[in-house]
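Shown below: protein.txt, with compact mmCIF, C-alpha atoms.
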```
# COMPACT_ATOMS: atom_id res chain seq x y z
CA MET A 101 127.55 73.71 81.79
CA GLU A 102 129.28 70.37 81.64
CA ASN A 103 130.59 68.91 78.39
CA ASN A 104 130.86 65.38 79.83
CA ASN A 105 127.29 64.31 78.90
CA ILE A 106 127.18 65.55 75.31
CA ASP A 107 126.65 62.79 72.76
CA ILE A 108 127.83 64.17 69.41
CA GLY A 109 126.13 61.35 67.50
CA LYS A 110 122.74 62.23 68.99
CA VAL A 111 123.34 65.93 68.35
CA VAL A 112 124.16 65.32 64.68
CA LEU A 113 121.23 62.93 64.25
CA GLN A 114 118.77 65.33 65.88
CA THR A 115 120.10 68.24 63.81
CA LEU A 116 119.68 66.29 60.58
CA LYS A 117 116.20 65.26 61.62
CA LEU A 118 115.18 68.85 62.36
CA ILE A 119 116.74 70.31 59.22
CA ILE A 120 115.89 67.61 56.65
CA VAL A 121 113.17 65.24 57.84
CA LYS A 122 110.87 67.61 59.75
CA PRO A 123 110.33 70.13 56.91
CA LEU A 124 109.48 67.24 54.60
CA THR A 125 106.93 65.65 56.95
CA LEU A 126 105.43 68.79 58.50
CA PRO A 127 103.17 69.77 55.54
CA TRP A 128 101.50 66.35 55.61
CA GLN A 129 100.97 66.61 59.39
CA ILE A 130 99.38 70.03 58.95
CA TYR A 131 97.16 68.63 56.18
CA GLN A 132 96.02 65.73 58.39
CA ASN A 133 95.37 68.05 61.35
CA SER A 134 93.20 70.31 59.22
CA MET A 135 91.20 67.30 57.98
CA VAL A 136 90.67 66.13 61.57
CA SER A 137 89.67 69.63 62.65
CA LEU A 138 87.21 69.96 59.78
CA SER A 139 85.68 66.54 60.39
CA ASN A 140 85.31 67.19 64.15
CA SER A 141 83.85 70.68 63.78
CA ASP A 142 80.35 69.45 64.72
CA ASN A 143 81.51 68.02 68.07
CA ASP A 144 80.05 69.72 71.13
CA SER A 145 83.54 70.19 72.59
CA SER A 146 85.16 71.57 69.44
CA GLU A 147 86.53 75.09 69.35
CA GLU A 148 84.00 76.08 66.72
CA ASN A 149 80.99 75.13 68.83
CA VAL A 150 82.34 76.41 72.15
CA MET A 151 83.70 79.72 70.91
CA SER A 152 81.36 80.55 68.01
CA SER A 153 78.80 82.19 70.26
CA ASP A 154 81.40 84.58 71.67
CA PHE A 155 83.58 85.16 68.59
CA PRO A 156 81.67 84.00 65.49
CA LEU A 157 83.63 86.00 62.92
CA TYR A 158 87.02 85.18 64.42
CA VAL A 159 86.22 81.45 64.67
CA TRP A 160 85.02 81.46 61.07
CA PHE A 161 88.14 83.28 59.90
CA VAL A 162 90.45 80.81 61.66
CA SER A 163 88.43 77.87 60.30
CA ILE A 164 88.83 79.17 56.77
CA PHE A 165 92.53 78.33 56.99
CA ASN A 166 91.68 74.67 57.67
CA ALA A 167 89.57 74.65 54.52
CA MET A 168 92.35 76.35 52.55
CA VAL A 169 94.87 73.74 53.71
CA PHE A 170 92.47 70.94 52.77
CA ILE A 171 91.79 72.30 49.29
CA THR A 172 95.46 73.05 48.56
CA TYR A 173 96.46 69.55 47.45
CA PRO A 174 93.54 68.87 45.07
CA LEU A 175 93.86 72.31 43.47
CA GLY A 176 97.64 71.94 43.25
CA LEU A 177 97.27 68.59 41.49
CA ILE A 178 94.80 70.07 39.01
CA ALA A 179 97.09 73.06 38.41
CA ALA A 180 100.07 70.76 37.87
CA ILE A 181 98.17 68.64 35.33
CA VAL A 182 96.94 71.71 33.46
CA ALA A 183 100.43 73.25 33.45
CA ALA A 184 101.95 70.02 32.18
CA MET A 185 99.37 69.73 29.42
CA ASN A 186 99.90 73.34 28.33
CA ALA A 187 103.70 73.29 28.48
CA TYR A 188 105.43 73.43 25.09
CA SER A 189 108.50 71.70 26.43
CA ASN A 190 109.55 70.21 29.76
CA ALA A 191 106.00 69.24 30.74
CA PHE A 192 107.22 66.87 33.43
CA GLN A 193 109.42 69.58 34.92
CA ALA A 194 106.47 71.99 35.08
CA PHE A 195 104.33 69.28 36.67
CA LEU A 196 106.99 68.42 39.23
CA MET A 197 107.73 72.04 40.16
CA ILE A 198 104.06 72.76 40.84
CA ILE A 199 103.66 69.54 42.86
CA VAL A 200 106.69 70.38 45.01
CA GLY A 201 105.48 73.95 45.53
CA THR A 202 101.98 72.74 46.36
CA TYR A 203 103.31 70.30 48.93
CA PHE A 204 104.80 73.12 50.99
CA ILE A 205 101.88 75.60 50.79
CA PRO A 206 100.19 74.13 53.92
CA LEU A 207 103.22 75.31 55.91
CA TYR A 208 102.25 78.92 55.16
CA PHE A 209 98.53 78.43 55.84
CA GLY A 210 99.30 76.42 58.98
CA LEU A 211 101.58 79.14 60.33
CA VAL A 212 98.97 81.84 59.77
CA ARG A 213 96.28 79.66 61.35
CA GLU A 214 98.45 78.91 64.38
CA LEU A 215 99.28 82.59 64.88
CA LEU A 216 95.59 83.44 64.78
CA THR A 217 94.64 80.51 66.99
CA VAL A 218 96.87 81.47 69.93
CA THR A 219 94.39 83.98 71.33
CA LEU A 220 91.40 81.79 70.52
CA LYS A 221 92.94 78.78 72.31
CA THR A 222 93.72 80.90 75.35
CA VAL A 223 90.12 82.02 75.67
CA TYR A 224 88.91 78.48 74.91
CA TYR A 225 90.98 76.93 77.72
CA LEU A 226 89.99 79.67 80.15
CA LYS A 227 86.35 79.02 79.32
CA ARG A 228 86.81 75.27 79.87
CA ILE A 229 88.50 75.88 83.22
CA ALA A 230 85.73 78.23 84.28
CA ASN A 231 83.07 75.62 83.46
CA LYS A 232 84.70 72.98 85.69
```

Would you mind giving the structure from this file in structure tokens?
Amino acid sequence: MENNNIDIGKVVLQTLKLIIVKPLTLPWQIYQNSMVSLSNSDNDSSEENVMSSDFPLYVWFVSIFNAMVFITYPLGLIAAIVAAMNAYSNAFQAFLMIIVGTYFIPLYFGLVRELLTVTLKTVYYLKRIANK
């Protein structure tokens, strides 16, 4: 391995992007992807329509995680408002802590959904290839 082509500036910039920026933007990307998936669920080419005849329970279970990601932010906002209203002191701190925690919950649901989707996507792509 040659050390001649290593650009330390790019390495540091990419490291900072992966460690700081990506974790802060990833929950919003997961939230948007779940909204797109939920809004396109009636498409003829969607995973739900193609695979639901073969694996109805599994497709439903995986789709539940999209719904859970979508409902996370509204429920988190309501919980934060209620916690702030019921706090005896430091209401803003309680509100802010719940908002920050709520922002990162889609990471967990997205990870579980992606782990479950691996097998479903494999079968989905094999089925698409077989139909061509």

Suppose you want the space between atom CA of A:Phe170 and atom CA of A:Arg228; what is it in Å? 28.0 Å

With 12 Å as the threshold, what does the neighbourhood of (83.4, 82.4, 70.1) contain in terms of residues, counting only C-alpha atoms? Coordinates are those of the file; answer as a ChimeraX atom specification. /A:146-163,217,219-224,227

Atom CA of A:Gly201 and atom CA of A:Gly176 are how many Å apart? 8.4 Å

Give me, as a tab-separated table, each residue of stretch 152-224 of chain A that comes within 8 Å of stretch 120-139 of chain A, together with its shortest interatomic pair and the distance in Å at one decimal, counting only C-alpha atoms, with rows ordered by chain and rising residue number.
```
residue	atom	partner	partner_atom	distance
A:Asn166	CA	A:Ser134	CA	4.9
A:Ala167	CA	A:Ser134	CA	7.4
A:Val169	CA	A:Tyr131	CA	6.1
A:Phe170	CA	A:Tyr131	CA	6.2
A:Tyr203	CA	A:Pro127	CA	6.6
A:Phe204	CA	A:Pro127	CA	5.9
A:Ile205	CA	A:Pro127	CA	7.6
A:Pro206	CA	A:Pro127	CA	5.5
A:Leu207	CA	A:Pro127	CA	5.6
A:Gly210	CA	A:Ile130	CA	6.4
```

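When the distance limit is 6 Å and all atoms listed in the file are what count, the residues near stretch 178-187 of chain A, minus those fewer than 6 positions from it on the same chain, are Ala194, Phe195 and Ile198 of chain A.
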
Quick check, in Å to one decimal: how far apart do atom CA of A:Leu196 and atom CA of A:Tyr208 lie?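 Between these atoms lies a distance of 19.7 Å.
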
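Using all atoms listed in the file, the smallest distance between any of A:Leu226, A:Phe165, A:Leu113, A:Met197 and A:Glu214 comes from A:Phe165.
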
Just checking: using all atoms listed in the file, which residue out of A:Asp144, A:Thr172, A:Tyr225, A:Asn105 ends up closest to A:Phe209?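 Ranking A:Asp144, A:Thr172, A:Tyr225, A:Asn105 by distance to A:Phe209, first place goes to A:Thr172.
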